[in-house]
$ cat input.txt   # compact mmCIF, C-alpha atoms
# COMPACT_ATOMS: atom_id res chain seq x y z
CA MET A 14 -83.26 47.81 65.12
CA THR A 15 -82.79 44.19 63.99
CA ARG A 16 -79.50 42.39 64.42
CA ASP A 17 -78.72 42.70 60.70
CA GLU A 18 -79.46 46.41 60.74
CA ALA A 19 -76.99 46.80 63.60
CA PHE A 20 -74.49 44.57 61.76
CA PHE A 21 -74.79 46.73 58.62
CA GLU A 22 -74.26 49.85 60.71
CA PHE A 23 -71.18 48.35 62.36
CA LEU A 24 -69.69 47.29 59.01
CA CYS A 25 -70.25 50.79 57.61
CA ARG A 26 -68.40 52.22 60.61
CA MET A 27 -65.41 49.96 59.93
CA GLY A 28 -65.47 50.52 56.17
CA ASP A 29 -66.09 54.25 56.30
CA ASN A 30 -63.18 54.73 58.72
CA THR A 31 -60.80 53.04 56.30
CA LEU A 32 -62.37 54.67 53.22
CA VAL A 33 -62.28 58.23 54.50
CA LEU A 34 -58.85 57.97 56.12
CA GLY A 35 -57.53 56.10 53.09
CA HIS A 36 -58.70 58.90 50.81
CA ARG A 37 -57.22 61.55 53.10
CA VAL A 38 -53.85 59.81 53.13
CA SER A 39 -53.97 59.39 49.34
CA GLU A 40 -54.19 63.18 49.05
CA TRP A 41 -50.46 63.20 49.89
CA CYS A 42 -49.60 61.21 46.77
CA GLY A 43 -46.98 63.28 44.93
CA HIS A 44 -46.83 65.88 47.71
CA ALA A 45 -45.05 64.20 50.64
CA PRO A 46 -41.89 65.88 51.94
CA VAL A 47 -39.60 63.12 50.66
CA LEU A 48 -39.98 60.37 48.08
CA GLU A 49 -39.70 57.59 50.66
CA GLU A 50 -42.57 58.98 52.74
CA ASP A 51 -44.62 59.57 49.61
CA ILE A 52 -44.43 55.89 48.70
CA ALA A 53 -45.03 54.79 52.29
CA LEU A 54 -48.14 56.98 52.58
CA ALA A 55 -49.46 55.71 49.26
CA ASN A 56 -48.97 52.14 50.49
CA THR A 57 -50.90 52.91 53.67
CA ALA A 58 -53.70 54.54 51.69
CA LEU A 59 -53.94 51.53 49.39
CA ASP A 60 -54.04 49.13 52.35
CA LEU A 61 -56.93 51.11 53.81
CA ILE A 62 -58.83 51.24 50.52
CA GLY A 63 -58.35 47.47 50.18
CA GLN A 64 -59.79 46.95 53.64
CA THR A 65 -62.69 49.22 52.69
CA GLN A 66 -63.59 46.92 49.83
CA MET A 67 -63.88 44.01 52.24
CA TRP A 68 -65.85 45.86 54.95
CA LEU A 69 -68.25 47.62 52.60
CA GLY A 70 -68.55 44.50 50.45
CA LEU A 71 -69.78 42.59 53.48
CA ALA A 72 -71.98 45.52 54.51
CA ALA A 73 -73.67 45.45 51.10
CA GLU A 74 -74.13 41.68 51.37
CA ILE A 75 -75.73 41.97 54.83
CA GLU A 76 -77.97 44.80 53.67
CA GLY A 77 -79.18 42.59 50.82
CA ASP A 78 -80.60 45.52 48.92
CA GLY A 79 -78.69 45.07 45.68
CA ARG A 80 -76.10 47.73 46.51
CA SER A 81 -72.37 47.06 46.04
CA ALA A 82 -69.32 48.27 47.97
CA ASP A 83 -68.81 50.81 45.19
CA ASP A 84 -72.37 52.09 45.56
CA LEU A 85 -71.87 52.54 49.28
CA ALA A 86 -68.55 54.33 48.80
CA MET A 87 -69.43 56.55 45.89
CA LEU A 88 -73.17 57.20 46.05
CA ARG A 89 -73.94 57.95 49.70
CA ASP A 90 -74.00 61.53 50.92
CA ALA A 91 -72.18 62.89 53.98
CA TRP A 92 -74.98 62.14 56.47
CA ASP A 93 -74.89 58.43 55.59
CA PHE A 94 -71.19 58.08 56.39
CA ARG A 95 -70.33 56.42 59.69
CA ASN A 96 -66.61 57.17 60.04
CA VAL A 97 -65.24 58.76 63.19
CA LEU A 98 -64.60 62.50 62.93
CA LEU A 99 -60.85 61.95 63.38
CA ALA A 100 -60.60 60.18 60.01
CA GLU A 101 -62.08 63.09 58.03
CA GLN A 102 -59.93 65.83 59.58
CA PRO A 103 -57.78 67.61 56.98
CA ASN A 104 -54.16 66.58 56.48
CA GLY A 105 -52.61 69.83 57.72
CA ASP A 106 -48.82 69.57 57.68
CA PHE A 107 -46.99 66.26 57.49
CA GLY A 108 -46.72 66.09 61.29
CA GLN A 109 -50.45 66.59 61.72
CA THR A 110 -51.12 63.82 59.20
CA MET A 111 -48.82 61.43 61.04
CA MET A 112 -50.33 62.33 64.41
CA ARG A 113 -53.82 61.65 63.05
CA GLN A 114 -52.51 58.40 61.60
CA TYR A 115 -50.97 57.26 64.87
CA LEU A 116 -54.04 58.15 66.95
CA PHE A 117 -56.18 56.12 64.56
CA ASP A 118 -53.71 53.25 63.91
CA GLN A 119 -53.36 52.50 67.61
CA TYR A 120 -57.13 52.20 67.99
CA HIS A 121 -57.42 50.32 64.69
CA LEU A 122 -54.87 47.72 65.76
CA LEU A 123 -56.65 47.01 69.06
CA MET A 124 -60.03 46.80 67.33
CA LEU A 125 -58.78 44.42 64.62
CA GLN A 126 -56.98 42.21 67.15
CA ALA A 127 -60.29 41.83 68.99
CA LEU A 128 -62.24 41.30 65.75
CA ALA A 129 -59.91 38.47 64.72
CA GLY A 130 -61.77 36.45 67.36
CA SER A 131 -65.23 37.45 66.12
CA SER A 132 -68.03 34.89 66.16
CA ASP A 133 -68.71 35.84 62.53
CA GLU A 134 -66.17 34.08 60.32
CA ARG A 135 -66.31 36.75 57.63
CA VAL A 136 -65.52 39.50 60.13
CA ALA A 137 -62.74 37.41 61.69
CA GLY A 138 -61.31 36.78 58.22
CA ILE A 139 -61.24 40.44 57.22
CA ALA A 140 -59.71 41.35 60.58
CA ALA A 141 -57.01 38.67 60.34
CA LYS A 142 -55.99 39.95 56.91
CA SER A 143 -56.09 43.63 57.92
CA VAL A 144 -54.31 43.28 61.24
CA LYS A 145 -50.97 42.48 59.59
CA GLU A 146 -51.16 45.63 57.48
CA VAL A 147 -52.22 47.75 60.42
CA ALA A 148 -49.50 46.39 62.72
CA TYR A 149 -47.07 47.88 60.23
CA HIS A 150 -49.03 51.14 59.94
CA VAL A 151 -48.86 51.70 63.68
CA GLU A 152 -45.19 50.81 63.85
CA ARG A 153 -44.46 53.38 61.19
CA SER A 154 -46.71 56.18 62.42
CA ARG A 155 -45.56 55.64 66.01
CA ASP A 156 -41.89 55.90 65.05
CA THR A 157 -42.58 59.09 63.11
CA VAL A 158 -44.51 60.66 65.98
CA VAL A 159 -41.64 59.83 68.35
CA GLY A 160 -39.01 60.98 65.86
CA LEU A 161 -40.68 64.32 65.17
CA GLY A 162 -41.90 64.89 68.73
CA ASP A 163 -38.44 64.28 70.15
CA GLY A 164 -36.79 66.03 67.20
CA THR A 165 -35.98 69.68 66.61
CA SER A 166 -37.72 72.52 68.44
CA GLU A 167 -39.81 73.20 65.35
CA SER A 168 -40.87 69.58 64.80
CA HIS A 169 -41.65 69.28 68.52
CA ARG A 170 -43.78 72.42 68.44
CA ARG A 171 -45.70 71.20 65.39
CA MET A 172 -46.32 67.74 66.85
CA GLN A 173 -47.56 69.18 70.14
CA ALA A 174 -49.90 71.47 68.19
CA ALA A 175 -51.14 68.46 66.19
CA LEU A 176 -51.77 66.48 69.37
CA ASP A 177 -53.62 69.39 70.99
CA LEU A 178 -55.72 69.79 67.84
CA LEU A 179 -56.57 66.12 67.33
CA TYR A 180 -56.81 64.69 70.84
CA PRO A 181 -60.41 65.91 71.25
CA TYR A 182 -61.30 63.50 68.40
CA VAL A 183 -59.88 60.45 70.22
CA GLY A 184 -62.79 59.88 72.60
CA GLU A 185 -65.30 59.21 69.84
CA MET A 186 -63.50 56.00 68.83
CA PHE A 187 -64.38 54.49 72.22
CA GLU A 188 -68.02 55.50 72.42
CA SER A 189 -70.66 52.78 72.73
CA ASP A 190 -74.27 52.82 71.63
CA ALA A 191 -77.08 50.39 70.82
CA VAL A 192 -75.24 49.17 67.70
CA ASP A 193 -72.17 48.26 69.77
CA ALA A 194 -74.32 46.58 72.40
CA ALA A 195 -75.98 44.43 69.72
CA MET A 196 -72.60 43.51 68.23
CA GLU A 197 -71.16 42.61 71.60
CA GLU A 198 -74.16 40.49 72.47
CA ALA A 199 -73.83 38.59 69.19
CA GLY A 200 -70.10 38.10 69.83
CA ILE A 201 -69.34 39.85 66.55
CA ALA A 202 -67.39 42.83 67.88
CA PRO A 203 -66.10 44.12 71.22
CA ASP A 204 -67.55 47.08 73.06
CA PRO A 205 -65.21 49.91 71.88
CA ALA A 206 -65.10 51.26 75.44
CA SER A 207 -63.34 48.04 76.50
CA LEU A 208 -60.34 48.97 74.32
CA ARG A 209 -59.75 52.35 75.95
CA ASP A 210 -57.43 51.21 78.76
CA ALA A 211 -55.03 49.45 76.41
CA TYR A 212 -55.18 52.46 74.06
CA ASP A 213 -54.42 54.91 76.86
CA ALA A 214 -51.48 52.82 78.03
CA ALA A 215 -49.99 52.74 74.53
CA LEU A 216 -50.66 56.44 73.96
CA THR A 217 -49.09 57.46 77.27
CA GLN A 218 -45.97 55.43 76.50
CA THR A 219 -45.67 56.81 72.96
CA MET A 220 -46.19 60.43 73.95
CA ALA A 221 -43.66 60.10 76.78
CA GLU A 222 -41.08 58.82 74.28
CA ALA A 223 -42.06 61.62 71.91
CA THR A 224 -41.68 64.19 74.75
CA LEU A 225 -45.23 65.36 74.02
CA THR A 226 -47.83 66.28 76.62
CA LEU A 227 -51.28 64.68 76.46
CA PRO A 228 -54.00 67.29 77.02
CA ASP A 229 -55.70 67.04 80.43
CA SER A 230 -59.20 67.37 79.10
CA ARG A 231 -60.99 64.27 77.89
CA PHE A 232 -63.58 66.37 76.07
CA ALA A 233 -64.52 64.53 72.89
CA HIS A 234 -66.22 65.72 69.72
CA SER A 235 -68.64 63.13 68.43
CA GLY A 236 -71.29 62.58 65.80
CA GLY A 237 -69.29 60.86 63.05
CA ARG A 238 -69.81 57.18 63.83
CA THR A 239 -73.52 57.73 64.50
CA GLY A 240 -73.91 59.99 61.46
CA PHE A 241 -75.50 62.60 63.68
CA ARG A 242 -73.18 65.40 62.62
CA HIS A 243 -69.96 65.25 60.61
CA THR A 244 -67.51 68.12 60.49
CA GLU A 245 -67.65 70.43 57.47
CA HIS A 246 -64.57 68.69 56.06
CA LEU A 247 -66.27 65.44 55.05
CA GLY A 248 -68.58 67.03 52.48
CA HIS A 249 -65.69 68.82 50.79
CA MET A 250 -63.74 65.57 50.66
CA LEU A 251 -66.67 63.68 49.14
CA THR A 252 -67.11 66.23 46.35
CA GLN A 253 -63.62 65.24 45.20
CA MET A 254 -63.80 61.53 45.96
CA GLN A 255 -67.23 60.98 44.44
CA TRP A 256 -67.01 63.49 41.60
CA LEU A 257 -66.60 60.99 38.79
CA GLN A 258 -69.52 58.75 39.73
CA ARG A 259 -71.68 61.79 40.34
CA ALA A 260 -70.81 63.43 37.00
CA TYR A 261 -70.84 60.22 34.96
CA PRO A 262 -73.19 57.81 36.76
CA GLY A 263 -72.24 54.18 36.24
CA ALA A 264 -68.90 54.98 34.58
CA THR A 265 -66.54 51.98 34.57
CA TRP A 266 -62.96 51.36 33.53
CA MET B 296 -9.87 53.80 49.72
CA SER B 297 -12.73 54.78 51.96
CA SER B 298 -14.15 58.26 51.58
CA PRO B 299 -17.50 59.87 52.49
CA ASN B 300 -18.70 58.93 49.05
CA ALA B 301 -17.07 55.53 48.97
CA ALA B 302 -20.03 53.76 47.41
CA TYR B 303 -19.95 56.19 44.51
CA PRO B 304 -16.27 56.89 43.94
CA ASP B 305 -16.95 58.72 40.70
CA THR B 306 -19.12 61.31 42.40
CA PRO B 307 -17.11 64.35 43.35
CA ASP B 308 -16.94 64.73 47.10
CA THR B 309 -18.10 68.30 47.31
CA ASN B 310 -18.58 68.50 51.04
CA ALA B 311 -17.19 66.19 53.68
CA LYS B 312 -20.09 66.88 56.05
CA PRO B 313 -23.58 65.90 54.96
CA LYS B 314 -25.76 68.84 53.99
CA ARG B 315 -27.98 70.13 56.72
CA HIS B 316 -31.54 68.75 56.76
CA GLU B 317 -30.43 65.93 54.50
CA TRP B 318 -30.96 62.36 55.67
CA PRO B 319 -28.05 60.01 55.05
CA LEU B 320 -28.05 57.73 52.04
CA TRP B 321 -28.56 53.99 52.64
CA GLU B 322 -27.79 51.12 50.30
CA ILE B 323 -30.48 48.46 50.28
CA PHE B 324 -29.93 44.73 49.89
CA ILE B 325 -32.81 42.30 49.57
CA ARG B 326 -32.91 38.53 49.65
CA GLY B 327 -35.67 37.36 47.34
CA GLN B 328 -38.15 34.53 47.78
CA HIS B 329 -35.85 31.98 46.19
CA GLY B 330 -32.57 33.83 46.43
CA MET B 331 -29.64 32.43 48.38
CA SER B 332 -28.04 35.80 49.03
CA HIS B 333 -28.93 39.44 49.49
CA ARG B 334 -28.66 41.54 46.34
CA HIS B 335 -28.21 45.25 46.00
CA VAL B 336 -31.49 46.73 44.75
CA GLY B 337 -30.95 50.47 45.12
CA SER B 338 -30.62 53.23 47.63
CA LEU B 339 -32.77 55.62 49.59
CA HIS B 340 -32.65 58.28 52.30
CA ALA B 341 -33.64 57.73 55.93
CA PRO B 342 -32.84 59.30 59.29
CA ASP B 343 -31.68 56.04 60.90
CA ALA B 344 -31.26 52.32 60.27
CA GLU B 345 -34.72 51.35 61.50
CA MET B 346 -36.44 53.86 59.24
CA ALA B 347 -34.17 52.78 56.38
CA ILE B 348 -35.51 49.23 56.76
CA LYS B 349 -39.09 50.52 56.86
CA ASN B 350 -38.51 52.72 53.82
CA ALA B 351 -36.88 49.79 52.02
CA ARG B 352 -39.92 47.67 52.82
CA ASP B 353 -42.17 50.30 51.31
CA VAL B 354 -40.04 51.20 48.31
CA TYR B 355 -38.56 47.84 47.31
CA THR B 356 -40.81 45.02 48.56
CA ARG B 357 -44.24 46.25 47.45
CA ARG B 358 -44.57 43.42 44.99
CA ASN B 359 -43.62 40.63 47.34
CA GLU B 360 -39.99 40.68 46.26
CA GLY B 361 -38.24 39.93 49.48
CA VAL B 362 -37.93 37.86 52.63
CA SER B 363 -35.05 39.74 54.21
CA ILE B 364 -33.66 43.28 54.09
CA TRP B 365 -30.18 44.55 54.82
CA VAL B 366 -29.41 48.25 54.94
CA VAL B 367 -26.02 49.90 55.23
CA GLU B 368 -25.17 53.55 55.21
CA ALA B 369 -23.50 54.34 51.92
CA ARG B 370 -20.55 56.07 53.62
CA HIS B 371 -19.65 52.80 55.35
CA ILE B 372 -19.06 51.02 52.06
CA ALA B 373 -15.45 50.91 51.01
CA ALA B 374 -15.24 50.69 47.24
CA SER B 375 -12.51 50.00 44.73
CA SER B 376 -11.53 52.90 42.56
CA PRO B 377 -12.50 52.75 38.86
CA SER B 378 -9.08 54.15 37.91
CA ASP B 379 -7.47 51.03 39.44
CA LYS B 380 -9.37 48.64 37.24
CA GLY B 381 -6.33 47.80 35.08
CA PRO B 382 -4.13 46.41 37.85
CA LEU B 383 -7.13 45.00 39.75
CA TYR B 384 -8.93 43.02 37.10
CA GLU B 385 -6.90 42.65 33.92
CA PRO B 386 -4.42 40.11 35.33
CA SER B 387 -7.24 37.55 35.66
CA GLU B 388 -8.42 37.97 32.08
CA SER B 389 -5.85 35.54 30.69
CA LYS B 390 -6.32 32.89 33.36
CA VAL B 391 -9.16 30.84 32.00
CA TYR B 392 -8.03 27.81 34.05
CA ARG B 393 -9.38 29.55 37.14
CA HIS B 394 -12.95 28.86 36.04
CA PRO B 395 -14.15 25.61 37.60
CA THR B 396 -15.71 24.52 34.34
CA PHE B 397 -13.24 21.68 33.85
CA PHE B 398 -14.69 19.55 36.64
CA ASP B 399 -17.73 17.29 36.62
CA ILE B 400 -19.87 18.07 39.66
CA PRO B 401 -21.84 15.09 41.04
CA GLU B 402 -25.58 15.74 41.11
CA ASP B 403 -25.88 15.06 44.87
CA VAL B 404 -23.82 18.15 45.53
CA GLY B 405 -26.76 20.37 44.56
CA ALA B 406 -26.58 24.08 43.87
CA MET B 407 -23.15 25.64 44.30

$ encode --input "input.txt" --output "structure tokens"
Amino acid sequence: MTRDEAFFEFLCRMGDNTLVLGHRVSEWCGHAPVLEEDIALANTALDLIGQTQMWLGLAAEIEGDGRSADDLAMLRDAWDFRNVLLAEQPNGDFGQTMMRQYLFDQYHLLMLQALAGSSDERVAGIAAKSVKEVAYHVERSRDTVVGLGDGTSESHRRMQAALDLLYPYVGEMFESDAVDAAMEEAGIAPDPASLRDAYDAALTQTMAEATLTLPDSRFAHSGGRTGFRHTEHLGHMLTQMQWLQRAYPGATW
Amino acid sequence: MSSPNAAYPDTPDTNAKPKRHEWPLWEIFIRGQHGMSHRHVGSLHAPDAEMAIKNARDVYTRRNEGVSIWVVEARHIAASSPSDKGPLYEPSESKVYRHPTFFDIPEDVGAM
């Protein structure tokens, strides 16, 4: 694997995380429990899609194969996606969506803060722009997790169920492989494993405030960021997301 | 003057207590990029003041409208009653000399 191949892989991981989660969050548009949350979720989804354009745009540039960000987003099949499994998990109820959002946002913030100091100016630039949006995402999702966790008996029960369901997808975000080693060596990106302590500290604090119990087991599903094996949910999501370009190849506004 | 629906005195006050499962109503004030003061832009629901500010950020500043947000729960606003408008406002109608349009303001004074 050359350095550029690893770089392309890394950029797809960043861009596919924001693309897949952004699409998931956008599925709430018009369906959120209250108007205010509907607009807030749509804003978050749009932020993530905007970040996707930058990550996948750079990925396409590094690949140098004539593909665009749109091609990468709309014309790859499930096995070529490099998002973590957490991002593709279904929305479930509103609490489950916000739990997924918080678990990802907290990681995302730490990753972008580190990337803002990347040796690659383009990566540092994208991170610096994204980190402001994501600092707000995490503030919002964290408050909602605390509010619902430490809320009524029903909201508490649902948030604990969401945490139990989604926590096994946390570990994958901090896995390291040859791609990460190459990125770290080039000073482009941190080893994800190095972010785990700060993540755990934040998570412990948040869950204590939310009166929720972190599962004991650190068992982690994996296979998303390497593309080895996605969950069944990604393919179903792509049939919706990519339908137009698949049915009408090359369609434009 | 103040009632649970003080900000909307024309709305019948059907129930003194807020309905269950209903977040309180907040009035939102935003100071724009070049504005000198906060202006009322609308209202929204939120469980507490912090979330009201976040919701206001998402609902009312999406297009870069503001640099500062104030929120106040609608029930804390004391409002004049529309039925009092005769005694309250009509007396000033005939007092044109109260407008400061008869003075020349030196340019150094700036915006007033």

$ interface_residues --input "input.txt" --of "chain A" --to "chain B" --cutoff "12 Å" --atoms "all atoms listed in the file" --output "PyMOL selection string"
chain A and resi 46-57+59-60+146+149-157+160-161+164-165

$ closest_residue --input "input.txt" --among "B:Val391, B:Val366, B:Val404, B:Ala373" --to "B:Arg334" --atoms "only C-alpha atoms"
B:Val366

$ atom_distance --input "input.txt" --atom1 "atom CA of A:Ala215" --atom2 "atom CA of A:Leu176"
14.8 Å

$ residues_around --input "input.txt" --residues "A:Thr110" --least-positions-apart "6" --cutoff "8 Å" --atoms "all atoms listed in the file" --output "tab-separated table (two decimals) with C-alpha atoms, in the frame of the given file"
chain	number	residue	atom	x	y	z
A	38	VAL	CA	-53.85	59.81	53.13
A	103	PRO	CA	-57.78	67.61	56.98
A	104	ASN	CA	-54.16	66.58	56.48

$ residues_around --input "input.txt" --residues "stretch 122-136 of chain A" --least-positions-apart "2" --cutoff "7 Å" --atoms "only C-alpha atoms" --output "PyMOL selection string"
chain A and resi 118-120+138-141+144+147-148+200-203+208

$ residues_around --input "input.txt" --residues "A:Asp29" --least-positions-apart "5" --cutoff "7 Å" --atoms "only C-alpha atoms" --output "ChimeraX atom specification"
/A:94-96

$ atom_distance --input "input.txt" --atom1 "atom CA of A:Phe21" --atom2 "atom CA of A:Ala72"
5.1 Å

$ atom_distance --input "input.txt" --atom1 "atom CA of B:Val362" --atom2 "atom CA of B:Gly405"
22.3 Å

$ closest_residue --input "input.txt" --among "A:Arg259, A:His169, A:Lys142, A:His246" --to "A:Met67" --atoms "all atoms listed in the file"
A:Lys142
